[in-house]
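Peer 1: After the structure tokens below, expect a handful of questions from me.
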Amino acid sequence: MDNLTHSLIGLSASKAGLERLSPGTTTLCILAANAPDADIVALAGGRWSYLHHHRGITHSIAGTVVMAVALPLVFFLLDLLIARLRKRPPKVRLGGLLIASFLVSATHPLMDWTNNYGMRFLLPWDTRWSYGDLIFIIDPIIWVVLGGSAFLLTSRTKLQGLVWLVIAGAATFLVLFGARGPAALPNPTPLRIFWMIALILIVVLFKTEVASRWGARTSLAALAIICLYVGLLFGIHSIALKRAQAEASNIANANVERALKIAAMPTLANPLRWLAIIETDRATYRFNLDLLAGDQSRSNLVRFEKPTGNQATALAQAAHDPRSEVFLEFARFPVVNVVGEDCLTQTLVQFADLRYTEPGRGRGTFSLEVPVECPVQNR
């Protein structure tokens, strides 16, 4: 998930009652909710280093436990040092911070697991990826529910109000104008209407000082709503996956193929529209799945045949490139296109992860072009 979502979860958890465990809990909760993304330091080694290490050891169970202990210890030791310098008793309660840190730290890998990027929970012992496929990596519904409750509880000064105004303005801009390209909504109007109604409701609740009466129950209610929302998406995903399995059977039978792997993945702000990907013994397919469209539920079908002959030879060469090794370790549905197979121009093996893009279209670390020697022509 995006870091705004992680931060809002940490802030909401603190305001739901964890802040009573110790001074400094709110700051710790926000940091703990984002701590696993410390793997961003891998960017110093380039984008392929980042792809290799992102959602790696810092997101695993072992790494999360280590950071959940380390953050409270840092807070405790800093407070102890300041207390000695100022000759006052320590304020931080280590036990309270540890409880808050463990609870909030666990939310980061769990929330990341809900999208289609995947998690490797058992690193360093097991490198297998696990995918929840429930929530799109950015979800405006989570933003407005958790952000609204946090705003109501933390807008007591002009500075706090200004900070929330900037956050709300940036989020509103993204909802109204930000989605472009493959992630763009085919019909953004319902989301925009929902967003503006939600903002108006939040302002009304703020003016009527609801949070001052409800207190921590405001955040508890918001967290409960998100839990119900995730549960609803879990049920809808089950329906989408069954529909994708039925379509996979139809596609495989029509092409005399055998389905090997099937996934139904969320799309931006539309729980009734899913991205389905099917891998068979001969090809990989991607299409949009509309749960309300009945017999016309499948659209925008694309097919990428698995390499054979000279293309398979070129792929074998390209697979030895260090970048390819990293990419193929990450890619859930890798597809390949070979350009220049006729040897008249440079031969390129174009890799792509079909979850995010197609060969030759680019998309950062989700695609790759590797030059290879011209494959020997089969006779």
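Identifiers in this document derive from the order of the structure tokens: chains are assigned A, B, ..., residues are numbered from 1 separately in each chain, and ligands are numbered from 1 in order of occurrence.
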When you look at region 96-102 of chain A with a cut-off of 8 Å (counting only C-alpha atoms), what residues show up, excluding the ones that are within fewer than 5 positions of it in the same chain? I need them as a PyMOL selection string.
Peer 2: chain A and resi 14+18+21-22+25+28-29+32+65+68-69+71-72
Peer 1: Show me, as a ChimeraX atom specification, the residues that have an atom within 12 Å of region 256-260 of chain A when counting only C-alpha atoms, minus same-chain residues fewer than 2 positions from it.
Peer 2: /A:244-254,262-263,277-285,305,333
Peer 1: Output C-alpha atoms for every residue in that selection, as a short mmCIF file (atom, residue, chain, number, x, y, z; two decimals), in the first residue's frame.
Peer 2:
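So result36.cif came out as:
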```cif
data_model
loop_
_atom_site.label_atom_id
_atom_site.label_comp_id
_atom_site.auth_asym_id
_atom_site.auth_seq_id
_atom_site.Cartn_x
_atom_site.Cartn_y
_atom_site.Cartn_z
CA ALA A 244 -11.97 -15.94 -13.83
CA GLN A 245 -11.68 -19.71 -13.39
CA ALA A 246 -14.75 -20.22 -15.56
CA GLU A 247 -13.33 -17.92 -18.24
CA ALA A 248 -9.98 -19.71 -17.98
CA SER A 249 -11.71 -23.00 -18.71
CA ASN A 250 -13.45 -21.50 -21.75
CA ILE A 251 -10.23 -19.97 -23.09
CA ALA A 252 -8.16 -23.10 -22.51
CA ASN A 253 -10.75 -25.36 -24.16
CA ALA A 254 -11.10 -23.05 -27.15
CA ILE A 262 -5.26 -18.06 -12.54
CA ALA A 263 -5.54 -14.75 -10.70
CA ILE A 277 -4.66 -13.18 -15.79
CA ILE A 278 -4.45 -16.79 -16.90
CA GLU A 279 -1.33 -18.78 -17.64
CA THR A 280 -1.69 -21.94 -19.71
CA ASP A 281 0.88 -24.43 -20.96
CA ARG A 282 1.24 -22.43 -24.19
CA ALA A 283 0.36 -18.79 -23.45
CA THR A 284 -0.56 -16.12 -20.93
CA TYR A 285 -3.83 -14.16 -21.21
CA GLU A 305 2.38 -17.02 -26.54
CA PHE A 333 3.17 -13.45 -14.89
#
```
Peer 1: Could you give me, as a list of chain:residue names, the residues within 9 Å of Pro359 (chain A), counting only C-alpha atoms and dropping anything in the same chain fewer than 6 positions from it?
Peer 2: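 After dropping sequence-adjacent residues, the list is A:Val335, A:Val336, A:Asn337, A:Val349, A:Gln350, A:Phe351, A:Ala352, A:Asp353, A:Ser367, A:Leu368, A:Glu369.
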Peer 1: Once you have the residues from the selection above, write them out as a tab-separated table (two decimals), in the first residue's frame, restricted to N, CA and C atoms.
Peer 2:
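Once written, result.tsv looks like this:
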```tsv
chain	number	residue	atom	x	y	z
A	335	VAL	N	5.92	-12.29	-19.35
A	335	VAL	CA	5.70	-12.58	-20.77
A	335	VAL	C	6.88	-11.99	-21.55
A	336	VAL	N	7.09	-12.52	-22.75
A	336	VAL	CA	8.29	-12.18	-23.52
A	336	VAL	C	7.93	-11.88	-24.96
A	337	ASN	N	8.63	-10.92	-25.54
A	337	ASN	CA	8.54	-10.64	-26.96
A	337	ASN	C	9.96	-10.47	-27.49
A	349	VAL	N	15.31	-9.00	-26.37
A	349	VAL	CA	14.31	-9.78	-25.67
A	349	VAL	C	13.60	-8.84	-24.71
A	350	GLN	N	12.32	-8.64	-24.95
A	350	GLN	CA	11.53	-7.72	-24.13
A	350	GLN	C	10.72	-8.51	-23.10
A	351	PHE	N	11.04	-8.26	-21.84
A	351	PHE	CA	10.31	-8.89	-20.74
A	351	PHE	C	9.27	-7.90	-20.21
A	352	ALA	N	8.18	-8.44	-19.66
A	352	ALA	CA	7.19	-7.61	-18.97
A	352	ALA	C	6.44	-8.49	-17.97
A	353	ASP	N	6.04	-7.87	-16.88
A	353	ASP	CA	5.13	-8.55	-15.95
A	353	ASP	C	3.72	-8.13	-16.33
A	367	SER	N	9.25	-3.87	-16.58
A	367	SER	CA	9.59	-4.32	-17.92
A	367	SER	C	11.09	-4.21	-18.10
A	368	LEU	N	11.59	-4.90	-19.12
A	368	LEU	CA	13.04	-4.96	-19.32
A	368	LEU	C	13.33	-5.35	-20.75
A	369	GLU	N	14.34	-4.72	-21.35
A	369	GLU	CA	14.81	-5.10	-22.67
A	369	GLU	C	16.27	-5.53	-22.56
```
Peer 1: May I ask which of the residues A:Gly46, A:Gly95, A:Pro89, A:Gly118 is the closest one to Ala331 (chain A), counting only C-alpha atoms?
Peer 2: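 The closest residue to Ala331 (chain A) is A:Gly118.
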Peer 1: Considering only C-alpha atoms, return as an MDAnalysis selection string whatever protein or nucleic-acid residues lie within 8 Å of Asn288 (chain A), sequence-local ones (same chain, fewer than 6 positions apart) excluded.
Peer 2: chainID A and resid 273:276 297:301
Peer 1: Would you save the residues of that selection, restricted to N, CA and C atoms, as a PDB file, in the first residue's frame?
Peer 2:
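Result written to result_21.pdb:
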```pdb
ATOM      1  N   ARG A 273     -14.963  -4.442 -10.842  1.00  0.00           N
ATOM      2  CA  ARG A 273     -14.149  -4.613 -12.044  1.00  0.00           C
ATOM      3  C   ARG A 273     -12.783  -5.165 -11.625  1.00  0.00           C
ATOM      4  N   TRP A 274     -12.389  -6.307 -12.185  1.00  0.00           N
ATOM      5  CA  TRP A 274     -11.164  -6.985 -11.785  1.00  0.00           C
ATOM      6  C   TRP A 274     -10.301  -7.272 -13.000  1.00  0.00           C
ATOM      7  N   LEU A 275      -9.013  -7.387 -12.772  1.00  0.00           N
ATOM      8  CA  LEU A 275      -8.072  -7.749 -13.824  1.00  0.00           C
ATOM      9  C   LEU A 275      -7.768  -9.235 -13.688  1.00  0.00           C
ATOM     10  N   ALA A 276      -8.074 -10.000 -14.705  1.00  0.00           N
ATOM     11  CA  ALA A 276      -7.853 -11.442 -14.666  1.00  0.00           C
ATOM     12  C   ALA A 276      -6.664 -11.809 -15.549  1.00  0.00           C
ATOM     13  N   SER A 297     -18.879 -10.339 -19.667  1.00  0.00           N
ATOM     14  CA  SER A 297     -18.021  -9.859 -18.576  1.00  0.00           C
ATOM     15  C   SER A 297     -16.561  -9.727 -18.979  1.00  0.00           C
ATOM     16  N   ARG A 298     -16.110 -10.450 -20.012  1.00  0.00           N
ATOM     17  CA  ARG A 298     -14.712 -10.418 -20.404  1.00  0.00           C
ATOM     18  C   ARG A 298     -14.473  -9.385 -21.499  1.00  0.00           C
ATOM     19  N   SER A 299     -13.427  -8.543 -21.325  1.00  0.00           N
ATOM     20  CA  SER A 299     -13.136  -7.528 -22.341  1.00  0.00           C
ATOM     21  C   SER A 299     -11.626  -7.292 -22.405  1.00  0.00           C
ATOM     22  N   ASN A 300     -11.195  -6.694 -23.530  1.00  0.00           N
ATOM     23  CA  ASN A 300      -9.785  -6.319 -23.733  1.00  0.00           C
ATOM     24  C   ASN A 300      -8.847  -7.509 -23.555  1.00  0.00           C
ATOM     25  N   LEU A 301      -9.193  -8.629 -24.160  1.00  0.00           N
ATOM     26  CA  LEU A 301      -8.364  -9.830 -24.042  1.00  0.00           C
ATOM     27  C   LEU A 301      -7.075  -9.676 -24.849  1.00  0.00           C
TER      28      LEU A 301
END
```
Peer 1: With the cut-off set at 8 Å and counting only C-alpha atoms, tabulate each residue of region 72-151 of chain A with an atom at most that distance from an atom of region 195-202 of chain A, showing the nearest atom pair and its distance in Å to one decimal, ordered by chain and increasing number, as CSV.
Peer 2:
```
residue,atom,partner,partner_atom,distance
A:Pro140,CA,A:Trp195,CA,7.9
A:Val144,CA,A:Ala198,CA,7.1
A:Gly148,CA,A:Ile202,CA,6.0
```
Peer 1: Can you measure CA of Ala240 (chain A) to CA of Leu110 (chain A) for me? One decimal in Å is fine.
Peer 2: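 CA of Leu110 (chain A) lies at a distance of 21.3 Å from CA of Ala240 (chain A).
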Peer 1: Which polymer residues have any atom within 9 Å of an atom of His108 (chain A), counting only C-alpha atoms, with same-chain residues fewer than 3 positions away left out, as a count of residues only?
Peer 2: 16
